[in-house]
Amino acid sequence: QVQLVESGGGLVQPGGSLRLSCVASGIIFRINAMSWYRQAPGKERELVAAIISGGSTNYADSVKGRFTISRDNARNTVYLQMNSLKPEDTAVYYCNAVINLYEFWGRGTQVTVSS
């Protein structure tokens, strides 16, 4: 079975940076897309950024210019570089991937932006 494991979350001050990582493991024939979602307390889960197999990317308006999604195909890993973090970026960040035509989710990693 396929597993997604996130890492890199933590507590950071406003204006700071964090880099999230998500590694896919298991029986993997093809990764079609990898994405990051987030869910803040009391809010619905929302798409933050996505990258498809061809390398095209998509970002939520709220993170454009601050966050960058990238992918290492050899390591089945997706990254989210988050700069100029704001308190409203506080949320649990989830990795999502379409692998072998099935959708998988990680368990999430907490990002807290606070002074």
# chains A, B, ... in the order shown; residues from 1 in each chain; ligands from 1

$ residues_around --residues "Thr109 in chain A" --least-positions-apart "5" --cutoff "10 Å" --atoms "only C-alpha atoms" --output "MDAnalysis selection string"
chainID A and resid 5:10 20:22 38 91:95

$ closest_atom_pairs --of "range 1-30 of chain A" --to "range 49-68 of chain A" --cutoff "12 Å" --atoms "only C-alpha atoms" --output "Markdown table"
| residue | atom | partner | partner_atom | distance |
| --- | --- | --- | --- | --- |
| A:Gly15 | CA | A:Arg66 | CA | 10.2 |
| A:Gly16 | CA | A:Arg66 | CA | 10.8 |
| A:Ser17 | CA | A:Phe67 | CA | 9.5 |
| A:Leu18 | CA | A:Phe67 | CA | 9.7 |
| A:Arg19 | CA | A:Thr68 | CA | 9.4 |
| A:Leu20 | CA | A:Thr68 | CA | 10.4 |
| A:Ser21 | CA | A:Thr68 | CA | 11.9 |
| A:Arg30 | CA | A:Ser53 | CA | 9.0 |

$ closest_residue --among "A:Val2, A:Leu47, A:Ala40, A:Val78" --to "Val113 in chain A" --atoms "only C-alpha atoms"
A:Ala40

$ closest_residue --among "A:Lys86, A:Trp105, A:Glu46, A:Ala33" --to "Arg71 in chain A" --atoms "only C-alpha atoms"
A:Ala33

$ select_by_dssp --residues "range 17-72 of chain A" --states "strand (DSSP E)" --output "PyMOL selection string"
chain A and resi 18-25+31-39+46-52+57-59+67-72

$ closest_residue --among "A:Ala74, A:Met82, A:Val111, A:Asn96" --to "Gln3 in chain A" --atoms "only C-alpha atoms"
A:Asn96

$ residues_around --residues "Leu4 in chain A" --least-positions-apart "3" --cutoff "6 Å" --atoms "only C-alpha atoms" --output "number ranges by chain"
A: 23-24, 106

$ write_last_selection --atoms "N, CA and C atoms" --output "PDB file, in the first residue's frame"
ATOM      1  N   VAL A  23       6.988  12.492   1.696  1.00  0.00           N
ATOM      2  CA  VAL A  23       7.583  11.360   0.985  1.00  0.00           C
ATOM      3  C   VAL A  23       6.525  10.295   0.758  1.00  0.00           C
ATOM      4  N   ALA A  24       6.428   9.846  -0.469  1.00  0.00           N
ATOM      5  CA  ALA A  24       5.525   8.748  -0.818  1.00  0.00           C
ATOM      6  C   ALA A  24       6.319   7.453  -0.854  1.00  0.00           C
ATOM      7  N   GLY A 106      -1.757  12.206   3.533  1.00  0.00           N
ATOM      8  CA  GLY A 106      -0.918  12.044   4.694  1.00  0.00           C
ATOM      9  C   GLY A 106      -1.693  12.383   5.950  1.00  0.00           C
TER      10      GLY A 106
END

$ select_by_dssp --residues "chain A" --states "helix (DSSP H, G or I)" --output "list in words"
Asp61, Ser62, Val63, Asn73, Ala74, Arg75, Pro87, Glu88 and Asp89 of chain A

$ closest_residue --among "A:Thr90, A:Ser84, A:Ser70, A:Gln39" --to "Pro14 in chain A" --atoms "only C-alpha atoms"
A:Ser84

$ atom_distance --atom1 "CA of Pro41 in chain A" --atom2 "CA of Thr77 in chain A"
26.9 Å

$ atom_distance --atom1 "CA of Tyr79 in chain A" --atom2 "CA of Asn32 in chain A"
15.5 Å

$ residues_around --residues "Ser115 in chain A" --least-positions-apart "5" --cutoff "9 Å" --atoms "only C-alpha atoms" --output "VMD selection string"
chain A and resid 12 to 14 87

$ write_last_selection --atoms "N, CA, C and O atoms" --output "PDB file, in the first residue's frame"
ATOM      1  N   VAL A  12       6.789  29.032  14.169  1.00  0.00           N
ATOM      2  CA  VAL A  12       7.650  30.033  13.556  1.00  0.00           C
ATOM      3  C   VAL A  12       7.044  31.407  13.788  1.00  0.00           C
ATOM      4  O   VAL A  12       5.816  31.554  13.897  1.00  0.00           O
ATOM      5  N   GLN A  13       7.881  32.408  13.874  1.00  0.00           N
ATOM      6  CA  GLN A  13       7.397  33.776  14.062  1.00  0.00           C
ATOM      7  C   GLN A  13       6.895  34.350  12.734  1.00  0.00           C
ATOM      8  O   GLN A  13       7.334  33.909  11.658  1.00  0.00           O
ATOM      9  N   PRO A  14       6.001  35.312  12.806  1.00  0.00           N
ATOM     10  CA  PRO A  14       5.554  35.978  11.566  1.00  0.00           C
ATOM     11  C   PRO A  14       6.737  36.516  10.771  1.00  0.00           C
ATOM     12  O   PRO A  14       7.680  37.069  11.354  1.00  0.00           O
ATOM     13  N   PRO A  87       0.290  34.861  10.529  1.00  0.00           N
ATOM     14  CA  PRO A  87      -0.519  34.107  11.502  1.00  0.00           C
ATOM     15  C   PRO A  87      -1.674  33.352  10.838  1.00  0.00           C
ATOM     16  O   PRO A  87      -2.022  32.241  11.295  1.00  0.00           O
TER      17      PRO A  87
END
